[in-house]
file input_16.cif (mmCIF, C-alpha atoms)
data_upload
loop_
_atom_site.label_atom_id
_atom_site.label_comp_id
_atom_site.auth_asym_id
_atom_site.auth_seq_id
_atom_site.Cartn_x
_atom_site.Cartn_y
_atom_site.Cartn_z
CA MET E 1 18.43 34.85 -3.26
CA SER E 2 19.81 36.33 -6.49
CA THR E 3 20.06 32.84 -8.02
CA ALA E 4 16.37 32.20 -7.35
CA ILE E 5 15.40 35.57 -8.86
CA LEU E 6 17.62 35.02 -11.94
CA ALA E 7 16.35 31.46 -12.50
CA SER E 8 12.71 32.54 -12.19
CA GLY E 9 13.34 35.54 -14.46
CA VAL E 10 14.97 33.53 -17.26
CA PHE E 11 12.12 30.97 -17.19
CA ALA E 12 9.48 33.70 -17.06
CA ALA E 13 11.09 35.44 -20.07
CA ALA E 14 10.99 32.21 -22.10
CA PHE E 15 7.37 31.55 -21.08
CA PHE E 16 6.35 35.09 -22.01
CA ILE E 17 7.93 34.79 -25.49
CA HIS E 18 6.12 31.44 -25.95
CA LEU E 19 2.82 33.02 -24.89
CA ILE E 20 3.17 35.97 -27.30
CA TRP E 21 4.19 33.71 -30.21
CA TRP E 22 1.28 31.28 -29.63
CA ARG E 23 -1.25 34.11 -29.40
CA ILE E 24 -0.03 35.57 -32.70
CA ALA E 25 0.20 32.30 -34.67
CA LEU E 26 0.35 28.65 -33.69
CA PRO E 27 3.56 27.00 -34.98
CA ARG E 28 3.13 23.90 -37.15
CA ARG E 29 5.63 21.84 -35.12
CA GLN E 30 4.71 22.98 -31.64
CA THR E 31 7.06 20.80 -29.56
CA ALA E 32 10.06 21.73 -31.70
CA ALA E 33 9.11 25.41 -31.42
CA LEU E 34 8.80 25.12 -27.63
CA LEU E 35 12.24 23.51 -27.37
CA ALA E 36 13.66 26.30 -29.55
CA VAL E 37 12.09 29.07 -27.43
CA PHE E 38 12.93 27.70 -23.98
CA PHE E 39 16.47 26.51 -24.75
CA GLY E 40 17.14 29.45 -27.07
CA VAL E 41 16.42 31.90 -24.24
CA LEU E 42 18.73 29.95 -21.92
CA VAL E 43 21.57 29.89 -24.47
CA VAL E 44 21.21 33.64 -25.12
CA TRP E 45 21.25 34.40 -21.36
CA LEU E 46 24.33 32.19 -20.83
CA ALA E 47 26.09 33.90 -23.75
CA VAL E 48 25.26 37.37 -22.44
CA SER E 49 26.45 36.35 -18.95
CA HIS E 50 29.73 35.16 -20.45
CA PHE E 51 30.43 38.06 -22.83
CA LEU E 52 28.82 40.96 -20.92
CA PRO E 53 29.32 40.09 -17.22
CA GLY E 54 28.68 42.35 -14.25
CA ARG E 55 25.05 43.29 -14.96
CA TRP E 56 22.36 42.64 -12.33
CA TRP E 57 20.54 40.27 -14.65
CA THR E 58 23.59 38.16 -15.63
CA ALA E 59 25.25 35.29 -13.71
CA ALA E 60 27.85 36.32 -11.13
CA ASP E 61 29.96 33.21 -11.70
CA ARG E 62 30.09 29.83 -13.40
CA TRP E 63 28.23 27.91 -10.67
CA GLN E 64 25.41 30.40 -10.53
CA ALA E 65 25.05 30.05 -14.32
CA ILE E 66 25.00 26.24 -14.02
CA HIS E 67 22.43 26.41 -11.21
CA VAL E 68 20.14 28.62 -13.31
CA ALA E 69 20.64 26.26 -16.29
CA VAL E 70 19.70 23.19 -14.19
CA PHE E 71 16.54 24.89 -12.87
CA HIS E 72 15.59 26.14 -16.35
CA THR E 73 16.15 22.73 -17.96
CA ALA E 74 14.04 20.95 -15.31
CA CYS E 75 11.15 23.40 -15.57
CA SER E 76 11.29 23.63 -19.38
CA LEU E 77 11.23 19.85 -19.86
CA ALA E 78 8.37 19.51 -17.35
CA TYR E 79 6.39 22.20 -19.16
CA ILE E 80 7.03 20.69 -22.62
CA VAL E 81 5.93 17.27 -21.35
CA ALA E 82 2.78 18.79 -19.85
CA TYR E 83 2.17 20.75 -23.07
CA SER E 84 1.50 17.58 -25.09
CA ALA E 85 -1.51 17.03 -22.80
CA LEU E 86 -2.62 20.64 -23.40
CA GLU E 87 -2.68 20.18 -27.17
CA HIS E 88 -5.57 17.74 -26.99
CA ARG E 89 -7.62 16.23 -24.23
CA SER E 90 -7.03 12.54 -23.50
CA PRO E 91 -9.99 10.11 -23.67
CA SER E 92 -9.85 9.69 -19.87
CA MET E 93 -10.05 13.44 -19.25
CA THR E 94 -12.89 13.72 -21.81
CA LEU E 95 -14.88 11.09 -19.91
CA LEU E 96 -14.15 12.63 -16.49
CA VAL E 97 -15.20 16.12 -17.54
CA ALA E 98 -18.36 14.83 -19.27
CA VAL E 99 -19.43 13.07 -16.06
CA ALA E 100 -18.62 16.16 -13.96
CA ASP E 101 -20.55 18.44 -16.38
CA SER E 102 -23.59 16.13 -16.22
CA GLY E 103 -24.10 17.14 -12.58
CA THR E 104 -26.25 14.97 -10.30
CA ALA E 105 -27.77 13.03 -13.24
CA GLY E 106 -24.47 11.33 -14.06
CA CYS E 107 -23.81 9.45 -17.33
CA SER E 108 -24.51 5.92 -18.50
CA HIS E 109 -21.80 3.70 -20.02
CA GLU E 110 -23.53 4.02 -23.41
CA GLU E 111 -23.53 7.83 -23.27
CA LEU E 112 -19.83 7.86 -22.49
CA ARG E 113 -19.03 5.34 -25.23
CA GLY E 114 -21.05 7.55 -27.58
CA LEU E 115 -18.94 10.53 -26.57
CA LEU E 116 -15.87 8.82 -28.02
CA ALA E 117 -17.76 7.24 -30.92
CA GLY E 118 -17.21 10.12 -33.32
CA ALA E 119 -13.58 10.17 -32.38
CA SER E 120 -11.35 7.20 -32.95
CA PRO E 121 -8.35 7.67 -30.64
CA VAL E 122 -6.59 4.86 -32.51
CA GLU E 123 -6.89 6.64 -35.86
CA VAL E 124 -5.65 9.89 -34.29
CA ARG E 125 -2.62 8.06 -32.86
CA LEU E 126 -1.92 6.27 -36.16
CA ASP E 127 -2.03 9.57 -38.07
CA ALA E 128 0.32 11.16 -35.51
CA MET E 129 2.69 8.18 -35.74
CA LEU E 130 2.73 8.49 -39.54
CA HIS E 131 3.44 12.22 -39.22
CA GLU E 132 6.33 11.51 -36.84
CA ARG E 133 7.65 8.67 -39.07
CA MET E 134 7.28 6.05 -36.35
CA VAL E 135 5.29 3.91 -38.78
CA VAL E 136 4.91 3.98 -42.57
CA ARG E 137 1.93 3.02 -44.76
CA ASP E 138 2.32 -0.39 -46.36
CA GLY E 139 -0.60 -1.24 -48.63
CA ASP E 140 -3.68 -1.66 -46.43
CA GLY E 141 -1.65 -1.59 -43.23
CA TYR E 142 1.24 -0.09 -41.30
CA ARG E 143 4.89 -1.11 -41.06
CA LEU E 144 7.14 -0.23 -38.15
CA ALA E 145 9.78 2.41 -39.01
CA PRO E 146 13.24 2.42 -37.34
CA LYS E 147 12.25 5.36 -35.08
CA GLY E 148 9.13 3.52 -33.89
CA ARG E 149 11.10 0.32 -33.29
CA ALA E 150 13.67 2.26 -31.23
CA TRP E 151 10.94 3.83 -29.05
CA ALA E 152 9.15 0.51 -28.59
CA THR E 153 12.37 -1.32 -27.68
CA MET E 154 13.52 1.34 -25.21
CA LEU E 155 10.19 1.66 -23.39
CA THR E 156 9.49 -2.10 -23.41
CA ASN E 157 12.91 -2.81 -21.87
CA TRP E 158 12.39 -0.09 -19.27
CA ARG E 159 9.00 -1.57 -18.37
CA ARG E 160 10.52 -5.06 -18.09
CA LEU E 161 13.23 -3.65 -15.79
CA LEU E 162 10.44 -2.34 -13.58
CA GLY E 163 8.55 -5.65 -13.80
CA MET E 164 5.37 -3.98 -15.10
CA PRO E 165 2.69 -5.48 -17.41
CA PRO E 166 1.97 -4.03 -20.92
CA GLY E 167 0.18 -0.69 -20.95
CA GLY E 168 -2.11 1.17 -23.35
CA MET O 1 41.35 22.02 -9.90
CA LEU O 2 38.19 21.27 -7.97
CA ASP O 3 37.97 23.33 -4.78
CA LEU O 4 36.60 20.96 -2.13
CA THR O 5 35.84 23.81 0.26
CA ASP O 6 33.48 25.35 -2.30
CA HIS O 7 30.05 23.75 -1.89
CA ARG O 8 28.33 25.70 -4.69
CA PRO O 9 28.70 22.77 -7.15
CA LEU O 10 26.69 20.61 -4.72
CA VAL O 11 23.95 23.25 -4.48
CA ALA O 12 23.81 23.70 -8.27
CA LEU O 13 23.79 19.99 -9.07
CA ALA O 14 21.60 18.77 -6.18
CA PRO O 15 18.43 18.45 -8.37
CA VAL O 16 20.36 16.36 -10.95
CA ILE O 17 21.70 14.07 -8.21
CA GLY O 18 18.15 13.95 -6.78
CA LEU O 19 16.85 12.83 -10.19
CA ALA O 20 19.42 10.01 -10.27
CA ALA O 21 18.31 8.98 -6.76
CA ASP O 22 14.67 9.12 -7.93
CA CYS O 23 15.35 6.76 -10.89
CA VAL O 24 17.40 4.24 -8.88
CA SER O 25 15.02 4.13 -5.92
CA HIS O 26 12.02 3.86 -8.28
CA VAL O 27 13.50 0.81 -10.03
CA ILE O 28 14.26 -0.82 -6.65
CA ALA O 29 10.79 0.04 -5.25
CA ALA O 30 9.04 -1.21 -8.43
CA ARG O 31 10.79 -4.57 -8.15
CA ILE O 32 9.87 -4.85 -4.47
CA ILE O 33 6.24 -3.62 -4.79
CA ARG O 34 5.17 -5.80 -7.72
CA GLY O 35 1.64 -5.38 -9.05
CA ARG O 36 -0.48 -3.60 -11.65
CA ASN O 37 -0.42 -0.22 -9.91
CA PRO O 38 2.89 1.46 -10.79
CA TYR O 39 2.23 4.69 -8.89
CA PRO O 40 3.29 3.80 -5.30
CA ALA O 41 6.80 2.97 -6.55
CA LEU O 42 6.88 6.20 -8.59
CA ALA O 43 5.81 8.21 -5.54
CA ALA O 44 8.49 6.50 -3.42
CA GLY O 45 11.16 7.35 -6.01
CA ALA O 46 10.05 10.99 -6.25
CA LEU O 47 10.08 11.30 -2.46
CA VAL O 48 13.63 9.89 -2.21
CA GLY O 49 14.78 12.28 -4.98
CA LEU O 50 13.23 15.24 -3.18
CA VAL O 51 14.74 14.32 0.19
CA VAL O 52 18.21 13.85 -1.36
CA THR O 53 17.94 17.24 -3.12
CA VAL O 54 16.80 19.13 -0.02
CA ALA O 55 19.34 17.44 2.29
CA MET O 56 22.25 18.14 -0.09
CA THR O 57 21.25 21.75 -0.62
CA TRP O 58 20.72 22.41 3.09
CA ALA O 59 24.00 20.72 4.09
CA ALA O 60 26.02 22.58 1.43
CA CYS O 61 24.51 25.95 2.39
CA SER O 62 25.22 25.28 6.08
CA ARG O 63 28.87 24.42 5.35
CA ASP O 64 29.22 27.61 3.30
CA ALA O 65 27.64 29.53 6.23
CA ALA O 66 25.13 31.08 3.83
CA PRO O 67 22.61 33.55 5.34
CA PHE O 68 19.32 31.89 6.35
CA ILE O 69 17.26 33.74 3.70
CA ASP O 70 19.67 32.62 0.95
CA THR O 71 19.52 29.04 2.22
CA LEU O 72 15.73 29.15 2.13
CA ALA O 73 15.69 30.60 -1.40
CA LEU O 74 18.16 27.98 -2.72
CA VAL O 75 16.29 25.12 -1.04
CA GLY O 76 13.02 26.43 -2.52
CA LEU O 77 14.59 26.73 -5.99
CA ASN O 78 15.94 23.19 -5.82
CA ILE O 79 12.61 21.80 -4.54
CA VAL O 80 10.90 23.24 -7.64
CA ALA O 81 13.66 21.86 -9.92
CA SER O 82 13.49 18.44 -8.24
CA LEU O 83 9.69 18.28 -8.58
CA ALA O 84 9.99 19.32 -12.24
CA PHE O 85 12.52 16.54 -12.93
CA ALA O 86 10.30 14.07 -11.05
CA PHE O 87 7.31 15.15 -13.16
CA GLY O 88 9.29 14.60 -16.38
CA TYR O 89 10.42 11.16 -15.18
CA PHE O 90 6.87 10.28 -14.10
CA ASN O 91 5.60 11.07 -17.60
CA PHE O 92 8.35 8.98 -19.21
CA VAL O 93 7.37 5.98 -17.05
CA ASN O 94 3.67 6.69 -17.56
CA LEU O 95 4.22 6.37 -21.33
CA THR O 96 5.06 2.72 -20.80
CA VAL O 97 1.90 2.23 -18.72
CA ALA O 98 -0.83 4.26 -20.39
CA SER O 99 0.26 5.29 -23.89
CA LEU O 100 -1.93 3.87 -26.63
CA ARG O 101 0.75 4.70 -29.17
CA ILE O 102 3.38 2.65 -27.35
CA ARG O 103 0.90 -0.23 -27.10
CA ILE O 104 0.31 -0.04 -30.88
CA LEU O 105 4.08 0.04 -31.52
CA GLU O 106 4.50 -3.06 -29.33
CA GLU O 107 1.69 -4.83 -31.22
CA LEU O 108 3.55 -4.08 -34.46
CA VAL O 109 6.81 -5.47 -32.99
CA ASP O 110 5.03 -8.64 -31.80
CA SER O 111 3.44 -9.08 -35.26
CA GLY O 112 6.78 -9.05 -37.04
CA GLY O 113 6.73 -5.35 -37.90
CA ARG O 114 3.48 -5.10 -39.90
CA LEU O 115 -0.27 -5.09 -39.20
CA SER O 116 -3.27 -4.25 -41.35
CA ARG O 117 -5.27 -1.13 -40.55
CA ALA O 118 -8.42 -3.21 -40.09
CA ALA O 119 -6.70 -5.46 -37.52
CA LEU O 120 -5.46 -2.48 -35.52
CA LEU O 121 -8.85 -0.75 -35.55
CA GLU O 122 -10.52 -4.00 -34.49
CA ARG O 123 -8.11 -4.55 -31.58
CA TYR O 124 -8.27 -0.94 -30.44
CA GLY O 125 -11.77 0.04 -31.53
CA THR O 126 -13.50 3.00 -29.89
CA SER O 127 -15.55 0.79 -27.58
CA SER O 128 -12.51 -1.11 -26.30
CA VAL O 129 -10.63 2.16 -25.67
CA ALA O 130 -13.67 3.67 -23.91
CA ASP O 131 -14.25 0.49 -21.88
CA LEU O 132 -10.60 0.27 -20.85
CA ARG O 133 -10.54 3.92 -19.76
CA LEU O 134 -13.88 3.62 -17.93
CA SER O 135 -12.68 0.50 -16.16
CA ARG O 136 -9.51 2.28 -15.02
CA LEU O 137 -11.40 5.38 -13.88
CA VAL O 138 -13.91 3.30 -11.89
CA GLY O 139 -11.14 1.08 -10.48
CA GLY O 140 -9.18 4.15 -9.36
CA GLY O 141 -12.25 5.65 -7.67
CA HIS O 142 -12.32 8.65 -10.04
CA LEU O 143 -15.79 7.60 -11.22
CA VAL O 144 -18.42 5.97 -9.02
CA GLU O 145 -21.27 3.82 -10.36
CA ARG O 146 -24.72 4.27 -8.76
CA ASN O 147 -27.91 2.74 -10.20
CA GLY O 148 -26.21 2.04 -13.53
CA ARG O 149 -24.98 5.61 -13.96
CA LEU O 150 -21.51 7.01 -13.45
CA HIS O 151 -20.84 9.96 -11.14
CA THR O 152 -17.77 11.93 -10.13
CA GLY O 153 -15.69 10.19 -7.46
CA ARG O 154 -12.24 11.29 -6.40
CA LEU O 155 -11.49 14.81 -7.55
CA GLN O 156 -7.73 14.72 -8.24
CA PHE O 157 -7.86 13.92 -11.98
CA LEU O 158 -10.86 16.20 -12.49
CA LEU O 159 -8.92 19.03 -10.82
CA VAL O 160 -6.02 18.38 -13.21
CA ALA O 161 -8.45 18.48 -16.18
CA ARG O 162 -9.85 21.83 -14.98
CA ILE O 163 -6.35 23.28 -14.48
CA PHE O 164 -5.43 22.18 -18.00
CA ASP O 165 -8.59 23.85 -19.35
CA GLY O 166 -7.46 27.08 -17.65
CA LEU O 167 -3.96 26.77 -19.12
CA ARG O 168 -5.44 26.17 -22.61
CA TRP O 169 -7.47 29.34 -22.22
CA LEU O 170 -4.32 31.27 -21.22
CA ILE O 171 -2.03 29.88 -23.93
CA PHE O 172 -4.30 29.37 -26.93
CA GLY O 173 -6.95 31.98 -26.25
CA PRO O 174 -10.70 31.43 -25.57
CA ALA O 175 -11.75 30.35 -29.10
CA TYR O 176 -9.05 27.76 -29.59
CA ALA O 177 -9.46 26.46 -26.04
CA ALA O 178 -13.19 25.94 -26.69
CA ALA O 179 -12.35 23.89 -29.81
CA LEU O 180 -9.95 21.77 -27.75
CA ARG O 181 -12.77 20.88 -25.34
CA ARG O 182 -14.29 18.66 -28.04
CA PRO O 183 -13.50 14.90 -28.03
CA PRO O 184 -9.88 13.98 -28.94
CA ALA O 185 -10.10 13.19 -32.66
CA THR O 186 -11.85 16.42 -33.52
CA ALA O 187 -9.41 18.63 -31.60
CA PRO O 188 -7.29 20.96 -33.74
CA GLY O 189 -3.51 20.82 -33.81
CA ASP O 190 -3.46 17.14 -32.89
CA HIS O 191 0.09 16.31 -33.91
CA ASP O 192 2.12 16.22 -30.74
CA ASP O 193 5.69 15.02 -31.10
CA THR O 194 5.78 12.71 -28.10
CA PRO O 195 4.84 9.07 -28.48
#
call {"tool": "encode", "arguments": {"input": "input_16.cif", "output": "C-alpha cells"}}
result
Amino acid sequence: MSTAILASGVFAAAFFIHLIWWRIALPRRQTAALLAVFFGVLVVWLAVSHFLPGRWWTAADRWQAIHVAVFHTACSLAYIVAYSALEHRSPSMTLLVAVADSGTAGCSHEELRGLLAGASPVEVRLDAMLHERMVVRDGDGYRLAPKGRAWATMLTNWRRLLGMPPGG
Amino acid sequence: MLDLTDHRPLVALAPVIGLAADCVSHVIAARIIRGRNPYPALAAGALVGLVVTVAMTWAACSRDAAPFIDTLALVGLNIVASLAFAFGYFNFVNLTVASLRIRILEELVDSGGRLSRAALLERYGTSSVADLRLSRLVGGGHLVERNGRLHTGRLQFLLVARIFDGLRWLIFGPAYAAALRRPPATAPGDHDDTP
C-alpha cells in the first residue's frame, strides 16, 4: 500500500509543479521543460530517499524505490506524449468538434474544408520541423537534416517490420 | 547476489516486462492480421502486456504471502503503469500511421533528400489533408453522412477531444485554452518537439 501512495505522491508533486509553472509563464521549449520537471522531481526524491532514509515519504528499500521509479517513468512519458496533442488540436479533432458543435444541422464537406482553409497543417509541420532541425531550408525548398533522416529511417523500418502501408 | 526467494524485483519490474510482451506480441499480431487497420494488433499487444503484468504481480505477491490489501494496491499500481507504457507505445506506432510530419520526411527521403516548398504544398495541400482526414473519420464511423451533410457518429474520438479541451483549460487557463480551440495553424505555442 505504501508503494502505491508514494508513487502517486511523487507523480502528483511533479504534476503540481508543472501546473504552477505553466500558469505563471509558458516555457519556450515545453517538452524539454516537462521532461526536466517530471524527471527532476524523481531524481530529487530518489536522492532524498538515499541520503535521508527513514522518513514516511522516502523509499523503505531499493526495490520500493525502483518500483516508484518505474511507475513514475511510465506515467510521465504517457503524459508528455499526450501533452503534444494538448498543445494544438489536430485537424481530425478540429473537424470532429466542428461537426459536434453544429448540432442537428451537421456540416457539409465544403464547410469543413473551409475550416482548415485558413490553416495549412503542412506549413505548420514544416515550420516545426525547421525549428527542430529535422529539415533545413535550401533555396526554394527543404533538405533533409541528419536528425530527420534518422527519424524517418527508424519509423519506416518499424512500419515495414509490422507490414503496414505508409501513413500521414 | 540475487535473492531468489525475494519476489519484490518481479513486482517492481512487472510493467517493464509487460511492455516487452506488448511490443513482441504486437509485432506478431500485426504480421498475422495484415491490413490497413493497425489498431486490432495494437489492442492485442496491449492486452497481452496487461495480462503479463497482472499475472506476474499477483503471482509474486502470493509467493511473498503479502496481505490482500497490499496485493490489490500493487496490482492496481502496476495496471496503471502498464496502461501508461501501452499508451506511450501506441503513440509511437501511431506516428508511423498518422503523422503528417513523418510522411513529409519519407517523401524527402524518396526524393533524394530535397523537395521544393511548392511541390510539398501541392502534394499535401489543405484540401488533400482535409479530404484524407474526412475520409478516415467517415470510414471509422466517427462521422456519418446524411443528405450530403456530415453528422456525429461514434463518440469515442469526440469524447477524447472534449477531455483534451478540459485538460487545456486546467493546464493553460481559460484564455489560452480558448485560443487553442481555433484551427491548428492559428493555435499559439505550436512548436511541439515530437515528430
call {"tool": "resolve_selection", "arguments": {"input": "input_16.cif", "expression": "the PyMOL selection byres ((chain E and resi 135) around 12)", "output": "ChimeraX atom specification"}}
result
/E:125-134,136-138,141-152 /O:101-102,104-106,108-109,113-115,117,195
call {"tool": "interface_residues", "arguments": {"input": "input_16.cif", "of": "chain E", "to": "chain O", "cutoff": "7 Å", "atoms": "only C-alpha atoms", "output": "VMD selection string"}}
result
chain E and resid 1 4 19 22 to 23 31 63 66 to 67 71 74 to 75 77 to 78 81 84 86 to 94 96 to 97 99 to 100 106 to 108 113 116 to 117 119 to 122 124 to 125 128 132 140 to 144 148 152 155 159 162 to 168
call {"tool": "write_last_selection", "arguments": {"input": "input_16.cif", "atoms": "C-alpha atoms", "output": "PDB file, in the frame of the given file"}}
result
ATOM      1  CA  MET E   1      18.430  34.850  -3.260  1.00  0.00           C
ATOM      2  CA  ALA E   4      16.370  32.200  -7.350  1.00  0.00           C
ATOM      3  CA  LEU E  19       2.820  33.020 -24.890  1.00  0.00           C
ATOM      4  CA  TRP E  22       1.280  31.280 -29.630  1.00  0.00           C
ATOM      5  CA  ARG E  23      -1.250  34.110 -29.400  1.00  0.00           C
ATOM      6  CA  THR E  31       7.060  20.800 -29.560  1.00  0.00           C
ATOM      7  CA  TRP E  63      28.230  27.910 -10.670  1.00  0.00           C
ATOM      8  CA  ILE E  66      25.000  26.240 -14.020  1.00  0.00           C
ATOM      9  CA  HIS E  67      22.430  26.410 -11.210  1.00  0.00           C
ATOM     10  CA  PHE E  71      16.540  24.890 -12.870  1.00  0.00           C
ATOM     11  CA  ALA E  74      14.040  20.950 -15.310  1.00  0.00           C
ATOM     12  CA  CYS E  75      11.150  23.400 -15.570  1.00  0.00           C
ATOM     13  CA  LEU E  77      11.230  19.850 -19.860  1.00  0.00           C
ATOM     14  CA  ALA E  78       8.370  19.510 -17.350  1.00  0.00           C
ATOM     15  CA  VAL E  81       5.930  17.270 -21.350  1.00  0.00           C
ATOM     16  CA  SER E  84       1.500  17.580 -25.090  1.00  0.00           C
ATOM     17  CA  LEU E  86      -2.620  20.640 -23.400  1.00  0.00           C
ATOM     18  CA  GLU E  87      -2.680  20.180 -27.170  1.00  0.00           C
ATOM     19  CA  HIS E  88      -5.570  17.740 -26.990  1.00  0.00           C
ATOM     20  CA  ARG E  89      -7.620  16.230 -24.230  1.00  0.00           C
ATOM     21  CA  SER E  90      -7.030  12.540 -23.500  1.00  0.00           C
ATOM     22  CA  PRO E  91      -9.990  10.110 -23.670  1.00  0.00           C
ATOM     23  CA  SER E  92      -9.850   9.690 -19.870  1.00  0.00           C
ATOM     24  CA  MET E  93     -10.050  13.440 -19.250  1.00  0.00           C
ATOM     25  CA  THR E  94     -12.890  13.720 -21.810  1.00  0.00           C
ATOM     26  CA  LEU E  96     -14.150  12.630 -16.490  1.00  0.00           C
ATOM     27  CA  VAL E  97     -15.200  16.120 -17.540  1.00  0.00           C
ATOM     28  CA  VAL E  99     -19.430  13.070 -16.060  1.00  0.00           C
ATOM     29  CA  ALA E 100     -18.620  16.160 -13.960  1.00  0.00           C
ATOM     30  CA  GLY E 106     -24.470  11.330 -14.060  1.00  0.00           C
ATOM     31  CA  CYS E 107     -23.810   9.450 -17.330  1.00  0.00           C
ATOM     32  CA  SER E 108     -24.510   5.920 -18.500  1.00  0.00           C
ATOM     33  CA  ARG E 113     -19.030   5.340 -25.230  1.00  0.00           C
ATOM     34  CA  LEU E 116     -15.870   8.820 -28.020  1.00  0.00           C
ATOM     35  CA  ALA E 117     -17.760   7.240 -30.920  1.00  0.00           C
ATOM     36  CA  ALA E 119     -13.580  10.170 -32.380  1.00  0.00           C
ATOM     37  CA  SER E 120     -11.350   7.200 -32.950  1.00  0.00           C
ATOM     38  CA  PRO E 121      -8.350   7.670 -30.640  1.00  0.00           C
ATOM     39  CA  VAL E 122      -6.590   4.860 -32.510  1.00  0.00           C
ATOM     40  CA  VAL E 124      -5.650   9.890 -34.290  1.00  0.00           C
ATOM     41  CA  ARG E 125      -2.620   8.060 -32.860  1.00  0.00           C
ATOM     42  CA  ALA E 128       0.320  11.160 -35.510  1.00  0.00           C
ATOM     43  CA  GLU E 132       6.330  11.510 -36.840  1.00  0.00           C
ATOM     44  CA  ASP E 140      -3.680  -1.660 -46.430  1.00  0.00           C
ATOM     45  CA  GLY E 141      -1.650  -1.590 -43.230  1.00  0.00           C
ATOM     46  CA  TYR E 142       1.240  -0.090 -41.300  1.00  0.00           C
ATOM     47  CA  ARG E 143       4.890  -1.110 -41.060  1.00  0.00           C
ATOM     48  CA  LEU E 144       7.140  -0.230 -38.150  1.00  0.00           C
ATOM     49  CA  GLY E 148       9.130   3.520 -33.890  1.00  0.00           C
ATOM     50  CA  ALA E 152       9.150   0.510 -28.590  1.00  0.00           C
ATOM     51  CA  LEU E 155      10.190   1.660 -23.390  1.00  0.00           C
ATOM     52  CA  ARG E 159       9.000  -1.570 -18.370  1.00  0.00           C
ATOM     53  CA  LEU E 162      10.440  -2.340 -13.580  1.00  0.00           C
ATOM     54  CA  GLY E 163       8.550  -5.650 -13.800  1.00  0.00           C
ATOM     55  CA  MET E 164       5.370  -3.980 -15.100  1.00  0.00           C
ATOM     56  CA  PRO E 165       2.690  -5.480 -17.410  1.00  0.00           C
ATOM     57  CA  PRO E 166       1.970  -4.030 -20.920  1.00  0.00           C
ATOM     58  CA  GLY E 167       0.180  -0.690 -20.950  1.00  0.00           C
ATOM     59  CA  GLY E 168      -2.110   1.170 -23.350  1.00  0.00           C
TER      60      GLY E 168
END
call {"tool": "atom_distance", "arguments": {"input": "input_16.cif", "atom1": "CA of His18 in chain E", "atom2": "CA of Leu34 in chain E"}}
result
7.1 Å
call {"tool": "atom_distance", "arguments": {"input": "input_16.cif", "atom1": "CA of Gly45 in chain O", "atom2": "CA of Ser25 in chain O"}}
result
5.0 Å
call {"tool": "residues_around", "arguments": {"input": "input_16.cif", "residues": "His50 in chain E", "least_positions_apart": "3", "cutoff": "9 Å", "atoms": "only C-alpha atoms", "output": "PyMOL selection string"}}
result
chain E and resi 45-47+53+58-59+61-62
call {"tool": "atom_distance", "arguments": {"input": "input_16.cif", "atom1": "CA of Ala14 in chain E", "atom2": "CA of Ala175 in chain O"}}
result
23.9 Å
call {"tool": "closest_residue", "arguments": {"input": "input_16.cif", "among": "E:Ser49, E:Leu42, E:Ala32, E:Gly103", "to": "Gly9 in chain E", "atoms": "all atoms listed in the file"}}
result
E:Leu42
call {"tool": "closest_residue", "arguments": {"input": "input_16.cif", "among": "O:Val52, O:Tyr39, O:Asp6, O:Gly140", "to": "Ala66 in chain O", "atoms": "only C-alpha atoms"}}
result
O:Asp6
call {"tool": "closest_residue", "arguments": {"input": "input_16.cif", "among": "O:Pro174, O:Gln156, O:Gly139, O:Gly18", "to": "Thr57 in chain O", "atoms": "all atoms listed in the file"}}
result
O:Gly18
call {"tool": "residues_around", "arguments": {"input": "input_16.cif", "residues": "Val10 in chain E", "least_positions_apart": "2", "cutoff": "9 Å", "atoms": "all atoms listed in the file", "output": "ChimeraX atom specification"}}
result
/E:5-8,12-15,41-42,45,68,72
call {"tool": "closest_residue", "arguments": {"input": "input_16.cif", "among": "E:Phe51, E:Phe38, E:Phe16, E:Tyr83", "to": "Ala69 in chain E", "atoms": "all atoms listed in the file"}}
result
E:Phe38
call {"tool": "decode", "arguments": {"input": "input_16.cif", "residues": "range 164-173 of chain O", "atoms": "N, CA and C atoms", "output": "short mmCIF file (atom, residue, chain, number, x, y, z; two decimals), in the first residue's frame"}}
result
data_model
loop_
_atom_site.label_atom_id
_atom_site.label_comp_id
_atom_site.auth_asym_id
_atom_site.auth_seq_id
_atom_site.Cartn_x
_atom_site.Cartn_y
_atom_site.Cartn_z
N PHE O 164 -9.61 16.50 -23.75
CA PHE O 164 -8.43 17.32 -24.00
C PHE O 164 -8.74 18.80 -23.83
N ASP O 165 -9.96 19.22 -24.24
CA ASP O 165 -10.35 20.62 -24.03
C ASP O 165 -10.36 20.94 -22.54
N GLY O 166 -10.87 20.00 -21.73
CA GLY O 166 -10.90 20.19 -20.28
C GLY O 166 -9.50 20.29 -19.69
N LEU O 167 -8.60 19.41 -20.18
CA LEU O 167 -7.21 19.45 -19.70
C LEU O 167 -6.52 20.75 -20.09
N ARG O 168 -6.81 21.26 -21.31
CA ARG O 168 -6.23 22.53 -21.74
C ARG O 168 -6.68 23.65 -20.81
N TRP O 169 -7.95 23.61 -20.45
CA TRP O 169 -8.50 24.63 -19.55
C TRP O 169 -7.76 24.56 -18.21
N LEU O 170 -7.52 23.34 -17.71
CA LEU O 170 -6.85 23.17 -16.41
C LEU O 170 -5.39 23.63 -16.48
N ILE O 171 -4.68 23.24 -17.53
CA ILE O 171 -3.23 23.48 -17.58
C ILE O 171 -2.89 24.89 -18.05
N PHE O 172 -3.55 25.33 -19.12
CA PHE O 172 -3.18 26.63 -19.70
C PHE O 172 -4.01 27.79 -19.19
N GLY O 173 -5.15 27.49 -18.57
CA GLY O 173 -6.04 28.56 -18.14
C GLY O 173 -7.08 28.84 -19.20
#
